[in-house]
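Enquirer: Got a file for you: structure_2.csv, CSV, N, CA and C atoms.
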```csv
chain,number,residue,atom,x,y,z
A,1,MET,N,20.7,-1.1,-4.0
A,1,MET,CA,19.7,-0.1,-3.9
A,1,MET,C,18.5,-0.6,-3.2
A,2,SER,N,17.9,0.1,-2.2
A,2,SER,CA,16.7,-0.4,-1.5
A,2,SER,C,15.5,0.0,-2.4
A,3,LYS,N,14.5,-0.8,-2.3
A,3,LYS,CA,13.3,-0.6,-3.1
A,3,LYS,C,12.2,0.0,-2.1
A,4,LEU,N,12.2,1.3,-2.1
A,4,LEU,CA,11.4,2.0,-1.2
A,4,LEU,C,9.9,1.7,-1.4
A,5,HIS,N,9.2,1.6,-0.3
A,5,HIS,CA,7.7,1.4,-0.3
A,5,HIS,C,7.1,2.3,0.7
A,6,LEU,N,5.9,2.9,0.4
A,6,LEU,CA,5.2,3.7,1.3
A,6,LEU,C,3.9,2.9,1.6
A,7,VAL,N,3.6,2.9,2.9
A,7,VAL,CA,2.3,2.4,3.4
A,7,VAL,C,1.5,3.5,4.0
A,8,PHE,N,0.3,3.6,3.5
A,8,PHE,CA,-0.6,4.6,4.1
A,8,PHE,C,-2.1,4.1,3.9
A,9,GLY,N,-3.0,4.8,4.6
A,9,GLY,CA,-4.4,4.4,4.6
A,9,GLY,C,-5.2,5.6,5.0
A,10,GLY,N,-6.5,5.3,5.0
A,10,GLY,CA,-7.5,6.4,5.3
A,10,GLY,C,-8.9,6.0,4.9
A,11,ARG,N,-9.8,6.9,5.1
A,11,ARG,CA,-11.2,6.6,4.7
A,11,ARG,C,-11.3,6.9,3.2
A,12,VAL,N,-12.1,6.0,2.5
A,12,VAL,CA,-12.4,6.1,1.1
A,12,VAL,C,-13.9,6.2,0.9
A,13,LYS,N,-14.2,6.9,-0.2
A,13,LYS,CA,-15.7,7.1,-0.4
A,13,LYS,C,-16.3,5.8,-0.9
A,14,ASP,N,-15.5,5.0,-1.7
A,14,ASP,CA,-16.0,3.8,-2.2
A,14,ASP,C,-15.0,2.7,-1.9
A,15,PRO,N,-15.3,1.7,-1.2
A,15,PRO,CA,-14.4,0.6,-0.8
A,15,PRO,C,-13.6,0.0,-2.0
A,16,GLN,N,-14.2,0.1,-3.1
A,16,GLN,CA,-13.5,-0.5,-4.3
A,16,GLN,C,-12.6,0.5,-5.0
A,17,GLY,N,-12.6,1.7,-4.5
A,17,GLY,CA,-11.8,2.8,-5.2
A,17,GLY,C,-10.6,3.2,-4.3
A,18,LEU,N,-9.9,4.3,-4.8
A,18,LEU,CA,-8.8,4.8,-4.1
A,18,LEU,C,-9.0,6.3,-3.9
A,19,ASP,N,-10.2,6.8,-3.8
A,19,ASP,CA,-10.5,8.2,-3.5
A,19,ASP,C,-10.5,8.5,-2.0
A,20,PHE,N,-9.3,8.8,-1.5
A,20,PHE,CA,-9.1,9.0,-0.1
A,20,PHE,C,-9.6,10.3,0.4
A,21,ASP,N,-10.2,10.4,1.6
A,21,ASP,CA,-10.5,11.6,2.3
A,21,ASP,C,-9.1,12.1,2.9
A,22,LEU,N,-8.6,13.1,2.4
A,22,LEU,CA,-7.2,13.6,2.8
A,22,LEU,C,-7.1,14.0,4.3
A,23,ASP,N,-8.3,14.3,4.9
A,23,ASP,CA,-8.3,14.7,6.3
A,23,ASP,C,-8.1,13.4,7.2
A,24,THR,N,-8.2,12.3,6.6
A,24,THR,CA,-8.1,11.0,7.4
A,24,THR,C,-6.9,10.2,7.1
A,25,VAL,N,-6.0,10.7,6.2
A,25,VAL,CA,-4.9,9.9,5.8
A,25,VAL,C,-3.9,9.6,7.0
A,26,ASP,N,-3.6,8.3,7.1
A,26,ASP,CA,-2.7,7.8,8.1
A,26,ASP,C,-1.4,7.3,7.4
A,27,VAL,N,-0.3,8.1,7.4
A,27,VAL,CA,0.9,7.6,6.8
A,27,VAL,C,1.6,6.7,7.8
A,28,VAL,N,1.7,5.4,7.5
A,28,VAL,CA,2.3,4.4,8.3
A,28,VAL,C,3.8,4.6,8.3
A,29,GLY,N,4.3,4.7,7.1
A,29,GLY,CA,5.8,4.9,7.0
A,29,GLY,C,6.4,4.5,5.6
A,30,LEU,N,7.7,4.7,5.5
A,30,LEU,CA,8.5,4.3,4.4
A,30,LEU,C,9.2,3.0,4.8
A,31,PHE,N,9.4,2.1,3.9
A,31,PHE,CA,10.0,0.8,4.2
A,31,PHE,C,11.0,0.5,3.1
A,32,PRO,N,12.1,-0.2,3.5
A,32,PRO,CA,13.2,-0.4,2.5
A,32,PRO,C,13.0,-1.6,1.6
A,33,ASP,N,11.9,-2.4,1.9
A,33,ASP,CA,11.7,-3.6,1.0
A,33,ASP,C,10.2,-3.9,1.1
A,34,TYR,N,9.8,-4.7,0.2
A,34,TYR,CA,8.4,-5.1,0.1
A,34,TYR,C,7.9,-5.9,1.3
A,35,ALA,N,8.7,-6.8,1.8
A,35,ALA,CA,8.4,-7.7,2.9
A,35,ALA,C,8.0,-6.9,4.2
A,36,SER,N,8.8,-5.9,4.5
A,36,SER,CA,8.5,-5.1,5.7
A,36,SER,C,7.3,-4.2,5.4
A,37,ALA,N,7.1,-3.7,4.2
A,37,ALA,CA,6.0,-2.9,3.9
A,37,ALA,C,4.7,-3.7,4.0
A,38,LEU,N,4.8,-5.0,3.5
A,38,LEU,CA,3.6,-5.9,3.6
A,38,LEU,C,3.3,-6.2,5.0
A,39,ASP,N,4.2,-6.4,5.9
A,39,ASP,CA,4.0,-6.6,7.3
A,39,ASP,C,3.2,-5.4,7.9
A,40,ALA,N,3.7,-4.2,7.6
A,40,ALA,CA,3.1,-3.0,8.1
A,40,ALA,C,1.6,-2.8,7.6
A,41,TRP,N,1.5,-3.1,6.3
A,41,TRP,CA,0.2,-3.0,5.7
A,41,TRP,C,-0.8,-4.0,6.3
A,42,ARG,N,-0.3,-5.2,6.5
A,42,ARG,CA,-1.1,-6.3,7.1
A,42,ARG,C,-1.6,-5.9,8.5
A,43,GLY,N,-0.7,-5.4,9.3
A,43,GLY,CA,-1.1,-5.1,10.7
A,43,GLY,C,-2.1,-4.0,10.7
A,44,ASN,N,-2.0,-3.0,9.9
A,44,ASN,CA,-3.0,-1.9,9.8
A,44,ASN,C,-4.3,-2.3,9.2
A,45,ALA,N,-4.2,-3.1,8.1
A,45,ALA,CA,-5.4,-3.6,7.5
A,45,ALA,C,-6.2,-4.5,8.4
A,46,GLN,N,-5.5,-5.4,9.1
A,46,GLN,CA,-6.2,-6.3,10.0
A,46,GLN,C,-6.9,-5.5,11.2
A,47,ARG,N,-6.2,-4.4,11.6
A,47,ARG,CA,-6.7,-3.6,12.7
A,47,ARG,C,-8.0,-2.9,12.4
A,48,THR,N,-8.2,-2.6,11.1
A,48,THR,CA,-9.4,-1.9,10.6
A,48,THR,C,-10.3,-2.7,9.7
A,49,VAL,N,-10.2,-4.0,9.7
A,49,VAL,CA,-10.9,-4.9,8.8
A,49,VAL,C,-12.4,-4.8,8.9
A,50,ASP,N,-12.9,-4.4,10.1
A,50,ASP,CA,-14.4,-4.3,10.3
A,50,ASP,C,-14.9,-2.9,9.8
A,51,ASP,N,-14.1,-2.0,9.4
A,51,ASP,CA,-14.5,-0.7,8.9
A,51,ASP,C,-14.3,-0.7,7.3
A,52,ALA,N,-15.4,-0.9,6.6
A,52,ALA,CA,-15.4,-1.0,5.1
A,52,ALA,C,-14.8,0.3,4.5
A,53,GLU,N,-14.9,1.4,5.1
A,53,GLU,CA,-14.5,2.7,4.5
A,53,GLU,C,-13.0,2.9,4.8
A,54,MET,N,-12.3,2.1,5.6
A,54,MET,CA,-10.9,2.3,5.8
A,54,MET,C,-10.1,1.3,4.9
A,55,LYS,N,-9.1,1.9,4.3
A,55,LYS,CA,-8.3,1.1,3.3
A,55,LYS,C,-6.8,1.5,3.5
A,56,TYR,N,-5.9,0.5,3.5
A,56,TYR,CA,-4.5,0.7,3.5
A,56,TYR,C,-3.9,0.2,2.2
A,57,VAL,N,-2.9,0.9,1.7
A,57,VAL,CA,-2.2,0.5,0.5
A,57,VAL,C,-0.7,0.5,0.6
A,58,VAL,N,-0.1,-0.3,-0.2
A,58,VAL,CA,1.4,-0.3,-0.4
A,58,VAL,C,1.7,0.4,-1.7
A,59,VAL,N,2.5,1.4,-1.7
A,59,VAL,CA,2.9,2.1,-2.9
A,59,VAL,C,4.3,1.8,-3.2
A,60,HIS,N,4.6,1.2,-4.4
A,60,HIS,CA,6.0,0.9,-4.8
A,60,HIS,C,6.7,2.1,-5.3
A,61,LEU,N,7.2,2.9,-4.3
A,61,LEU,CA,7.9,4.1,-4.7
A,61,LEU,C,9.1,3.9,-5.7
A,62,HIS,N,9.8,2.8,-5.5
A,62,HIS,CA,10.9,2.6,-6.4
A,62,HIS,C,10.5,2.5,-7.8
A,63,ARG,N,9.2,2.0,-8.1
A,63,ARG,CA,8.7,1.9,-9.5
A,63,ARG,C,8.4,3.3,-10.0
A,64,LEU,N,8.0,4.2,-9.2
A,64,LEU,CA,7.7,5.6,-9.6
A,64,LEU,C,9.0,6.4,-9.8
A,65,LEU,N,10.0,6.1,-9.0
A,65,LEU,CA,11.3,6.9,-9.1
A,65,LEU,C,12.2,6.4,-10.2
A,66,GLU,N,12.1,5.1,-10.5
A,66,GLU,CA,13.0,4.5,-11.5
A,66,GLU,C,12.2,3.5,-12.3
A,67,PRO,N,11.2,3.9,-13.1
A,67,PRO,CA,10.3,3.0,-13.8
A,67,PRO,C,11.0,2.1,-14.8
A,68,GLU,N,12.1,2.5,-15.3
A,68,GLU,CA,12.8,1.7,-16.3
A,68,GLU,C,13.5,0.5,-15.6
A,69,LEU,N,13.7,0.5,-14.3
A,69,LEU,CA,14.4,-0.6,-13.6
A,69,LEU,C,13.4,-1.5,-12.9
A,70,ALA,N,12.2,-1.1,-12.8
A,70,ALA,CA,11.3,-1.8,-11.9
A,70,ALA,C,10.0,-2.4,-12.5
A,71,SER,N,10.1,-3.3,-13.4
A,71,SER,CA,9.0,-4.0,-13.9
A,71,SER,C,8.6,-5.1,-13.0
A,72,PRO,N,7.3,-5.5,-12.9
A,72,PRO,CA,6.9,-6.6,-12.0
A,72,PRO,C,7.7,-7.9,-12.2
A,73,SER,N,8.0,-8.1,-13.5
A,73,SER,CA,8.7,-9.4,-13.8
A,73,SER,C,10.2,-9.4,-13.2
A,74,LYS,N,10.7,-8.2,-13.0
A,74,LYS,CA,12.1,-8.1,-12.6
A,74,LYS,C,12.2,-8.0,-11.0
A,75,ASP,N,11.2,-7.4,-10.4
A,75,ASP,CA,11.4,-7.2,-8.9
A,75,ASP,C,10.7,-8.3,-8.1
A,76,GLY,N,9.9,-9.1,-8.7
A,76,GLY,CA,9.3,-10.3,-8.0
A,76,GLY,C,8.2,-9.9,-7.0
A,77,GLU,N,7.7,-8.7,-7.1
A,77,GLU,CA,6.7,-8.2,-6.2
A,77,GLU,C,5.3,-8.3,-6.7
A,78,GLY,N,5.1,-8.7,-7.9
A,78,GLY,CA,3.8,-8.8,-8.5
A,78,GLY,C,3.2,-7.4,-8.7
A,79,ASP,N,2.0,-7.3,-8.9
A,79,ASP,CA,1.3,-6.0,-9.1
A,79,ASP,C,0.0,-6.0,-8.4
A,80,HIS,N,0.1,-6.2,-7.1
A,80,HIS,CA,-1.1,-6.3,-6.2
A,80,HIS,C,-1.4,-4.9,-5.6
A,81,ALA,N,-2.6,-4.6,-5.5
A,81,ALA,CA,-3.1,-3.4,-4.7
A,81,ALA,C,-3.5,-4.0,-3.4
A,82,LYS,N,-2.9,-3.4,-2.3
A,82,LYS,CA,-3.3,-3.9,-1.0
A,82,LYS,C,-4.3,-3.0,-0.4
A,83,HIS,N,-5.3,-3.5,0.3
A,83,HIS,CA,-6.3,-2.7,1.0
A,83,HIS,C,-6.8,-3.4,2.2
A,84,GLY,N,-7.7,-2.7,2.9
A,84,GLY,CA,-8.1,-3.1,4.2
A,84,GLY,C,-8.8,-4.5,4.3
A,85,GLY,N,-9.4,-4.9,3.2
A,85,GLY,CA,-10.2,-6.2,3.3
A,85,GLY,C,-9.4,-7.3,2.7
A,86,GLY,N,-8.3,-7.1,2.0
A,86,GLY,CA,-7.6,-8.2,1.4
A,86,GLY,C,-6.8,-7.7,0.2
A,87,VAL,N,-6.7,-8.5,-0.8
A,87,VAL,CA,-5.8,-8.2,-1.9
A,87,VAL,C,-6.7,-8.2,-3.2
A,88,THR,N,-6.5,-7.2,-4.0
A,88,THR,CA,-7.2,-7.2,-5.3
A,88,THR,C,-6.3,-7.3,-6.4
```
Would it be possible to restate this file's structure as structure tokens?

Expert:
Amino acid sequence: MSKLHLVFGGRVKDPQGLDFDLDTVDVVGLFPDYASALDAWRGNAQRTVDDAEMKYVVVHLHRLLEPELASPSKDGEGDHAKHGGGVT
């Protein structure tokens, strides 16, 4: 089974938060694994690194779709929130 990941970004009101302005959302795409999602996130985050109000994130869709199968200790992906300036 592939572990679907969504990468998207947009303007946020607070760079520390996740309150996106829905008019600015940029859906980068769906990815079959964390490595390819991370590459897509990194490319978009680096492109917008000078804009503190832009943030890109990786959403672990497989964890939402099948939470009983996808704990961080089992899938090896950690529990990192990805955004425009780095990793929190």

Enquirer: Which value, in Å to one decimal, gives the distance between atom CA of Leu64 of chain A and atom CA of Gly29 of chain A?

Expert: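 These atoms are spaced 16.7 Å apart.
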
Enquirer: Please measure the separation of atom CA of Asp23 of chain A and atom CA of Val7 of chain A, giving the value in Å to one decimal.

Expert: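 About the pair atom CA of Asp23 of chain A and atom CA of Val7 of chain A: they are 16.5 Å apart.
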
Enquirer: So the first atom is atom CA of Val49 of chain A and the second is atom CA of Gln16 of chain A; what is the distance between them in Å, to one decimal place?

Expert: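 Separation of atom CA of Val49 of chain A and atom CA of Gln16 of chain A: 14.1 Å.
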
Enquirer: Apply DSSP to the structure's backbone, then extract all residues of segment 1-84 of chain A labelled alpha helix (DSSP H) and return them as a PDB file with N, CA and C atoms, in the coordinates of the input.

Expert:
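Everything below was put into selection11.pdb:
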```pdb
ATOM      1  N   TYR A  34       9.800  -4.700   0.200  1.00  0.00           N
ATOM      2  CA  TYR A  34       8.400  -5.100   0.100  1.00  0.00           C
ATOM      3  C   TYR A  34       7.900  -5.900   1.300  1.00  0.00           C
ATOM      4  N   ALA A  35       8.700  -6.800   1.800  1.00  0.00           N
ATOM      5  CA  ALA A  35       8.400  -7.700   2.900  1.00  0.00           C
ATOM      6  C   ALA A  35       8.000  -6.900   4.200  1.00  0.00           C
ATOM      7  N   SER A  36       8.800  -5.900   4.500  1.00  0.00           N
ATOM      8  CA  SER A  36       8.500  -5.100   5.700  1.00  0.00           C
ATOM      9  C   SER A  36       7.300  -4.200   5.400  1.00  0.00           C
ATOM     10  N   ALA A  37       7.100  -3.700   4.200  1.00  0.00           N
ATOM     11  CA  ALA A  37       6.000  -2.900   3.900  1.00  0.00           C
ATOM     12  C   ALA A  37       4.700  -3.700   4.000  1.00  0.00           C
ATOM     13  N   LEU A  38       4.800  -5.000   3.500  1.00  0.00           N
ATOM     14  CA  LEU A  38       3.600  -5.900   3.600  1.00  0.00           C
ATOM     15  C   LEU A  38       3.300  -6.200   5.000  1.00  0.00           C
ATOM     16  N   ASP A  39       4.200  -6.400   5.900  1.00  0.00           N
ATOM     17  CA  ASP A  39       4.000  -6.600   7.300  1.00  0.00           C
ATOM     18  C   ASP A  39       3.200  -5.400   7.900  1.00  0.00           C
ATOM     19  N   ALA A  40       3.700  -4.200   7.600  1.00  0.00           N
ATOM     20  CA  ALA A  40       3.100  -3.000   8.100  1.00  0.00           C
ATOM     21  C   ALA A  40       1.600  -2.800   7.600  1.00  0.00           C
ATOM     22  N   TRP A  41       1.500  -3.100   6.300  1.00  0.00           N
ATOM     23  CA  TRP A  41       0.200  -3.000   5.700  1.00  0.00           C
ATOM     24  C   TRP A  41      -0.800  -4.000   6.300  1.00  0.00           C
ATOM     25  N   ARG A  42      -0.300  -5.200   6.500  1.00  0.00           N
ATOM     26  CA  ARG A  42      -1.100  -6.300   7.100  1.00  0.00           C
ATOM     27  C   ARG A  42      -1.600  -5.900   8.500  1.00  0.00           C
ATOM     28  N   GLY A  43      -0.700  -5.400   9.300  1.00  0.00           N
ATOM     29  CA  GLY A  43      -1.100  -5.100  10.700  1.00  0.00           C
ATOM     30  C   GLY A  43      -2.100  -4.000  10.700  1.00  0.00           C
ATOM     31  N   ASN A  44      -2.000  -3.000   9.900  1.00  0.00           N
ATOM     32  CA  ASN A  44      -3.000  -1.900   9.800  1.00  0.00           C
ATOM     33  C   ASN A  44      -4.300  -2.300   9.200  1.00  0.00           C
ATOM     34  N   ALA A  45      -4.200  -3.100   8.100  1.00  0.00           N
ATOM     35  CA  ALA A  45      -5.400  -3.600   7.500  1.00  0.00           C
ATOM     36  C   ALA A  45      -6.200  -4.500   8.400  1.00  0.00           C
ATOM     37  N   GLN A  46      -5.500  -5.400   9.100  1.00  0.00           N
ATOM     38  CA  GLN A  46      -6.200  -6.300  10.000  1.00  0.00           C
ATOM     39  C   GLN A  46      -6.900  -5.500  11.200  1.00  0.00           C
ATOM     40  N   ARG A  47      -6.200  -4.400  11.600  1.00  0.00           N
ATOM     41  CA  ARG A  47      -6.700  -3.600  12.700  1.00  0.00           C
ATOM     42  C   ARG A  47      -8.000  -2.900  12.400  1.00  0.00           C
ATOM     43  N   LEU A  61       7.200   2.900  -4.300  1.00  0.00           N
ATOM     44  CA  LEU A  61       7.900   4.100  -4.700  1.00  0.00           C
ATOM     45  C   LEU A  61       9.100   3.900  -5.700  1.00  0.00           C
ATOM     46  N   HIS A  62       9.800   2.800  -5.500  1.00  0.00           N
ATOM     47  CA  HIS A  62      10.900   2.600  -6.400  1.00  0.00           C
ATOM     48  C   HIS A  62      10.500   2.500  -7.800  1.00  0.00           C
ATOM     49  N   ARG A  63       9.200   2.000  -8.100  1.00  0.00           N
ATOM     50  CA  ARG A  63       8.700   1.900  -9.500  1.00  0.00           C
ATOM     51  C   ARG A  63       8.400   3.300 -10.000  1.00  0.00           C
ATOM     52  N   LEU A  64       8.000   4.200  -9.200  1.00  0.00           N
ATOM     53  CA  LEU A  64       7.700   5.600  -9.600  1.00  0.00           C
ATOM     54  C   LEU A  64       9.000   6.400  -9.800  1.00  0.00           C
ATOM     55  N   LEU A  65      10.000   6.100  -9.000  1.00  0.00           N
ATOM     56  CA  LEU A  65      11.300   6.900  -9.100  1.00  0.00           C
ATOM     57  C   LEU A  65      12.200   6.400 -10.200  1.00  0.00           C
ATOM     58  N   PRO A  72       7.300  -5.500 -12.900  1.00  0.00           N
ATOM     59  CA  PRO A  72       6.900  -6.600 -12.000  1.00  0.00           C
ATOM     60  C   PRO A  72       7.700  -7.900 -12.200  1.00  0.00           C
ATOM     61  N   SER A  73       8.000  -8.100 -13.500  1.00  0.00           N
ATOM     62  CA  SER A  73       8.700  -9.400 -13.800  1.00  0.00           C
ATOM     63  C   SER A  73      10.200  -9.400 -13.200  1.00  0.00           C
ATOM     64  N   LYS A  74      10.700  -8.200 -13.000  1.00  0.00           N
ATOM     65  CA  LYS A  74      12.100  -8.100 -12.600  1.00  0.00           C
ATOM     66  C   LYS A  74      12.200  -8.000 -11.000  1.00  0.00           C
ATOM     67  N   ASP A  75      11.200  -7.400 -10.400  1.00  0.00           N
ATOM     68  CA  ASP A  75      11.400  -7.200  -8.900  1.00  0.00           C
ATOM     69  C   ASP A  75      10.700  -8.300  -8.100  1.00  0.00           C
TER      70      ASP A  75
END
```

Enquirer: Can you pull out every residue within 10 Å of segment 50-57 of chain A, counting only C-alpha atoms, but drop anything in the same chain fewer than 3 positions away, and send it as a ChimeraX atom specification?

Expert: /A:5-18,20-21,24-28,37-38,40-47,60,80-87

Enquirer: As an MDAnalysis selection string, which residues of segment 32-69 of chain A does DSSP assign to strand (DSSP E or B)?

Expert: chainID A and resid 54:60

Enquirer: Next, write the just-selected residues to a file, as a tab-separated table (two decimals), keeping the file's coordinate frame, keeping N, CA and C atoms as the atom set.

Expert:
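File out-v7.tsv, as written:
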```tsv
chain	number	residue	atom	x	y	z
A	54	MET	N	-12.30	2.10	5.60
A	54	MET	CA	-10.90	2.30	5.80
A	54	MET	C	-10.10	1.30	4.90
A	55	LYS	N	-9.10	1.90	4.30
A	55	LYS	CA	-8.30	1.10	3.30
A	55	LYS	C	-6.80	1.50	3.50
A	56	TYR	N	-5.90	0.50	3.50
A	56	TYR	CA	-4.50	0.70	3.50
A	56	TYR	C	-3.90	0.20	2.20
A	57	VAL	N	-2.90	0.90	1.70
A	57	VAL	CA	-2.20	0.50	0.50
A	57	VAL	C	-0.70	0.50	0.60
A	58	VAL	N	-0.10	-0.30	-0.20
A	58	VAL	CA	1.40	-0.30	-0.40
A	58	VAL	C	1.70	0.40	-1.70
A	59	VAL	N	2.50	1.40	-1.70
A	59	VAL	CA	2.90	2.10	-2.90
A	59	VAL	C	4.30	1.80	-3.20
A	60	HIS	N	4.60	1.20	-4.40
A	60	HIS	CA	6.00	0.90	-4.80
A	60	HIS	C	6.70	2.10	-5.30
```

Enquirer: Between A:Asp19, A:Leu4, A:Asp39, A:Leu30, which has the minimum distance to Val59 of chain A (counting only N, CA and C atoms)?

Expert: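 Smallest distance to Val59 of chain A is found for A:Leu4.
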